[in-house]
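So the structure is just underneath, and the comments pick up after that.
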Amino acid sequence: SKVKVGKEWVELDGSLLPSPFTPKGEPPEGPAWYATPTVAYAVELGYEVRPLEAWVRRENGRYLDGWYNRLRDAYLATMADLGVDADLSPEDFLAAMDGYKARDPELAIVVSAIKATVKGGLGKLRERPRGEGWRPGEPWRALSRPTWRPDIRAAVISRTRINLHRKIVKHASFTGQYPIAILSDCVVYAANGPSPLDFLPYREGKPLPGGFKLGINPGLVKHEGTQDVLWGEEVRERFNAPELNLARYIKDGTVTDADNGE
């Protein structure tokens with residue numbers, strides 16, 4: 001409810017913000033394992049942190065830099081070939097992103113492949129048993145690979161969640177606007193118009209420092225979709241699910257089944 005933004009303390013409505021310490025955004029109920037970025041963010045928010053137990057590494061480094069840089073460069077280059085450059089103005093970026101996959105279906109497949117490599121690569125860091133006669137309690141093949149690093153995967157997810165939460169807090173402290181739905185990397189806000197520019201605090205083409213900024217570079221955001229309020233209420237009523245997460249369906253408005261409320 002009270003966070004330090006820059007050099008000033010700001011009063012916020014904590015009940016309208018997700019907890020950055022759990023996957024579902026609910027407040028933690030007791031001691032738990034946290035990755036280092038989450039612990040550091042707790043200190044940043046003003047909590048007094050007293051670890052009870054910790055796993056530590058003597059060696060450290062930017063393990064994923066080579067992998068990340070290669071995929072980032074491939075993504076930016078492919079998007080540029082599709083007409084979406086990294087240095088476009090907010091208005092031009094939204095126009096360029098509108099239907100970009102249809103400009104070259106083969107390049108669109110490349111974009112999808114890059115995204116799948118990112119998602120699949122992170123998944124491999126905590127690969128589960130894949131059949132092969134495995135039984136509970138037995139080791140599986142992935143455990144013997146040097147790339148089986150669930151701790152690195154946890155750190156990546158932790159940093160991503162913290163960076164998103166920091167943007168949400170920054171936006172709330174500057175505009176008084178809070179998200180109405182969140183799912184993974186998608187955040188839904190109420191706005192007076194169909195465009196992200198109807199609520200993002202751009203001034204003379206410049207975004208709020210530390211807040212949401214439109215673009216294709218990692219860490220920036222794109223427009224996921226817009227639906228009207230009546231759509232949201234109709235969906236909740238149809239499935240008798242007041243806690244339905246609208247962020248899951250806002251992209252095209254299609255709802256295939258009720259979710260579990262996460």
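Chain lettering (A, B, ...) mirrors the order of the structure tokens, residue numbering begins at 1 for each chain separately, and ligand numbering begins at 1 in order of display.
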
Task: Surrounding residues of Gly121 (chain A) excluding itself and chain neighbours under 6 positions, 12 Å, only C-alpha atoms, as JSON, numbers by chain - done: {"A": [64, 67, 68, 71, 113, 114, 115, 127, 147, 148, 149, 150, 152, 153, 156]}

Residues as selected, N, CA and C atoms, written as an mmCIF file, in the first residue's frame, can you do that?
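File written: result-v7.cif
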data_model
loop_
_atom_site.group_PDB
_atom_site.id
_atom_site.type_symbol
_atom_site.label_atom_id
_atom_site.label_comp_id
_atom_site.auth_asym_id
_atom_site.auth_seq_id
_atom_site.Cartn_x
_atom_site.Cartn_y
_atom_site.Cartn_z
ATOM 1 N N LEU A 64 22.667 -16.821 -19.575
ATOM 2 C CA LEU A 64 21.836 -16.896 -20.773
ATOM 3 C C LEU A 64 22.107 -15.784 -21.772
ATOM 4 N N TRP A 67 22.564 -16.860 -25.553
ATOM 5 C CA TRP A 67 21.283 -17.378 -26.060
ATOM 6 C C TRP A 67 20.289 -16.241 -26.253
ATOM 7 N N TYR A 68 20.187 -15.380 -25.236
ATOM 8 C CA TYR A 68 19.237 -14.271 -25.282
ATOM 9 C C TYR A 68 19.564 -13.298 -26.416
ATOM 10 N N LEU A 71 18.695 -14.720 -29.937
ATOM 11 C CA LEU A 71 17.259 -14.768 -30.208
ATOM 12 C C LEU A 71 16.664 -13.360 -30.327
ATOM 13 N N ALA A 113 8.608 -19.298 -34.724
ATOM 14 C CA ALA A 113 9.660 -20.244 -34.355
ATOM 15 C C ALA A 113 10.588 -19.647 -33.296
ATOM 16 N N ILE A 114 10.891 -18.355 -33.428
ATOM 17 C CA ILE A 114 11.749 -17.696 -32.435
ATOM 18 C C ILE A 114 11.064 -17.692 -31.073
ATOM 19 N N LYS A 115 9.778 -17.346 -31.066
ATOM 20 C CA LYS A 115 9.031 -17.330 -29.804
ATOM 21 C C LYS A 115 8.962 -18.728 -29.191
ATOM 22 N N GLU A 127 12.919 -29.691 -17.448
ATOM 23 C CA GLU A 127 12.229 -30.735 -18.208
ATOM 24 C C GLU A 127 11.715 -31.830 -17.284
ATOM 25 N N THR A 147 22.102 -28.836 -18.750
ATOM 26 C CA THR A 147 21.090 -27.812 -19.031
ATOM 27 C C THR A 147 19.843 -27.958 -18.171
ATOM 28 N N TRP A 148 19.834 -28.957 -17.274
ATOM 29 C CA TRP A 148 18.686 -29.069 -16.361
ATOM 30 C C TRP A 148 18.956 -28.146 -15.183
ATOM 31 N N ARG A 149 18.442 -26.911 -15.273
ATOM 32 C CA ARG A 149 18.718 -25.889 -14.269
ATOM 33 C C ARG A 149 17.423 -25.174 -13.872
ATOM 34 N N PRO A 150 16.597 -25.826 -13.063
ATOM 35 C CA PRO A 150 15.346 -25.180 -12.646
ATOM 36 C C PRO A 150 15.584 -23.897 -11.857
ATOM 37 N N ILE A 152 17.819 -21.577 -12.613
ATOM 38 C CA ILE A 152 17.941 -20.487 -13.588
ATOM 39 C C ILE A 152 16.568 -20.148 -14.163
ATOM 40 N N ARG A 153 15.771 -21.163 -14.440
ATOM 41 C CA ARG A 153 14.409 -20.911 -14.928
ATOM 42 C C ARG A 153 13.612 -20.100 -13.916
ATOM 43 N N VAL A 156 14.647 -16.479 -14.058
ATOM 44 C CA VAL A 156 14.110 -15.786 -15.236
ATOM 45 C C VAL A 156 12.654 -15.395 -15.005
#

Task: Within 10 Å of Gln177 (chain A) using only C-alpha atoms, minus same-chain residues under 5 positions, as a PyMOL selection string - done: chain A and resi 16+168-172+189-191+199-200

Just to be explicit: take each residue in the selection above, keep all heavy atoms, and write the result as a CSV table (one decimal), in the first residue's frame.
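So the final result, stored in selection-v8.csv, reads:
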chain,number,residue,atom,x,y,z
A,16,LEU,N,-5.9,-3.5,-4.8
A,16,LEU,CA,-6.1,-3.5,-6.2
A,16,LEU,C,-4.8,-4.0,-6.9
A,16,LEU,O,-4.8,-3.9,-8.2
A,16,LEU,CB,-6.5,-2.2,-6.7
A,16,LEU,CG,-7.9,-1.6,-6.1
A,16,LEU,CD1,-8.1,-0.2,-6.6
A,16,LEU,CD2,-9.0,-2.6,-6.5
A,168,ILE,N,3.5,-1.9,-13.2
A,168,ILE,CA,2.2,-1.8,-12.7
A,168,ILE,C,2.1,-0.8,-11.6
A,168,ILE,O,1.2,0.1,-11.6
A,168,ILE,CB,1.6,-3.1,-12.3
A,168,ILE,CG1,1.4,-4.0,-13.5
A,168,ILE,CG2,0.3,-2.9,-11.6
A,168,ILE,CD1,1.0,-5.5,-13.2
A,169,VAL,N,3.1,-0.9,-10.7
A,169,VAL,CA,3.1,0.1,-9.5
A,169,VAL,C,3.4,1.5,-10.0
A,169,VAL,O,2.8,2.5,-9.5
A,169,VAL,CB,4.2,-0.4,-8.5
A,169,VAL,CG1,4.5,0.7,-7.5
A,169,VAL,CG2,3.7,-1.7,-7.8
A,170,LYS,N,4.4,1.6,-10.9
A,170,LYS,CA,4.7,2.9,-11.5
A,170,LYS,C,3.5,3.6,-12.1
A,170,LYS,O,3.2,4.8,-11.9
A,170,LYS,CB,5.9,2.8,-12.5
A,170,LYS,CG,6.5,4.1,-12.9
A,170,LYS,CD,7.5,4.6,-11.9
A,170,LYS,CE,8.2,5.8,-12.5
A,170,LYS,NZ,9.2,6.3,-11.6
A,171,HIS,N,2.8,2.8,-12.9
A,171,HIS,CA,1.6,3.3,-13.6
A,171,HIS,C,0.5,3.7,-12.6
A,171,HIS,O,-0.1,4.8,-12.8
A,171,HIS,CB,1.1,2.2,-14.6
A,171,HIS,CG,0.0,2.7,-15.5
A,171,HIS,ND1,0.2,3.3,-16.7
A,171,HIS,CD2,-1.4,2.6,-15.3
A,171,HIS,CE1,-1.0,3.6,-17.2
A,171,HIS,NE2,-1.9,3.2,-16.4
A,172,ALA,N,0.3,2.9,-11.6
A,172,ALA,CA,-0.7,3.2,-10.6
A,172,ALA,C,-0.4,4.5,-9.8
A,172,ALA,O,-1.2,5.3,-9.6
A,172,ALA,CB,-0.9,2.1,-9.7
A,189,TYR,N,-6.4,-3.1,-18.7
A,189,TYR,CA,-6.8,-1.9,-18.0
A,189,TYR,C,-8.1,-1.4,-18.7
A,189,TYR,O,-8.4,-1.7,-19.8
A,189,TYR,CB,-5.8,-0.8,-18.2
A,189,TYR,CG,-4.5,-0.9,-17.3
A,189,TYR,CD1,-3.4,-1.6,-17.8
A,189,TYR,CD2,-4.5,-0.4,-16.1
A,189,TYR,CE1,-2.3,-1.7,-17.0
A,189,TYR,CE2,-3.4,-0.5,-15.2
A,189,TYR,CZ,-2.3,-1.1,-15.7
A,189,TYR,OH,-1.2,-1.3,-14.9
A,190,ALA,N,-8.9,-0.7,-17.9
A,190,ALA,CA,-10.1,0.0,-18.4
A,190,ALA,C,-9.7,1.3,-19.0
A,190,ALA,O,-8.8,2.0,-18.5
A,190,ALA,CB,-11.1,0.3,-17.3
A,191,ALA,N,-10.2,1.6,-20.2
A,191,ALA,CA,-9.8,2.8,-20.9
A,191,ALA,C,-11.1,3.4,-21.6
A,191,ALA,O,-12.1,2.8,-21.7
A,191,ALA,CB,-8.8,2.5,-22.0
A,199,PHE,N,-4.9,5.3,-22.7
A,199,PHE,CA,-4.7,5.3,-21.2
A,199,PHE,C,-3.2,5.4,-20.8
A,199,PHE,O,-2.9,5.8,-19.7
A,199,PHE,CB,-5.4,4.1,-20.6
A,199,PHE,CG,-4.6,2.8,-20.7
A,199,PHE,CD1,-3.7,2.4,-19.7
A,199,PHE,CD2,-4.7,2.1,-21.9
A,199,PHE,CE1,-3.0,1.2,-19.8
A,199,PHE,CE2,-4.0,0.9,-22.0
A,199,PHE,CZ,-3.2,0.5,-21.0
A,200,LEU,N,-2.3,5.0,-21.8
A,200,LEU,CA,-0.9,5.1,-21.4
A,200,LEU,C,-0.5,6.6,-21.4
A,200,LEU,O,-0.8,7.4,-22.3
A,200,LEU,CB,-0.1,4.4,-22.5
A,200,LEU,CG,-0.1,2.9,-22.5
A,200,LEU,CD1,0.7,2.3,-23.6
A,200,LEU,CD2,0.3,2.3,-21.2

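Residues lying within 12 Å of Thr36 (chain A), counting only C-alpha atoms and ignoring same-chain neighbours fewer than 2 positions away, are Phe21, Trp33, Tyr34, Thr38, Val39, Ala40, Tyr41, Ala42, Val43, Val49, Pro51, Ala54, Trp55, Val56, Arg57, Asp151, Ile152, Arg153, Ala154, Ala155, Val156, Ile157, Ser158, Arg159 and Ile162 of chain A.
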
Task: Top pick for closest residue to Ile109 (chain A), considering A:Val3, A:Leu122, A:Leu214, A:Met79 and counting only C-alpha atoms - done: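 Using only C-alpha atoms, Ile109 (chain A) sits closest to A:Met79.
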
Open item on the list: Just want the 8 Å neighbourhood of Arg248 (chain A), counted on only C-alpha atoms, with same-chain residues fewer than 3 positions away dropped. Output as an NGL selection string.
Closed with: :A and (183 or 245 or 251)

- [ ] Find the residues around Glu224 (chain A) up to 9 Å (only C-alpha atoms counted), leave out those fewer than 5 positions away in its own chain, and share them as a PyMOL selection string.
- [x] chain A and resi 186-188+250-252

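Proximity ranking of A:Glu8, A:Arg135, A:Val118, A:Gly219 relative to Asn163 (chain A) places A:Gly219 first, based on only C-alpha atoms.
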
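Nearest residue to Pro179 (chain A) among A:Leu17, A:Glu204, A:Gly25, A:Leu12 is A:Leu17, counting only C-alpha atoms.
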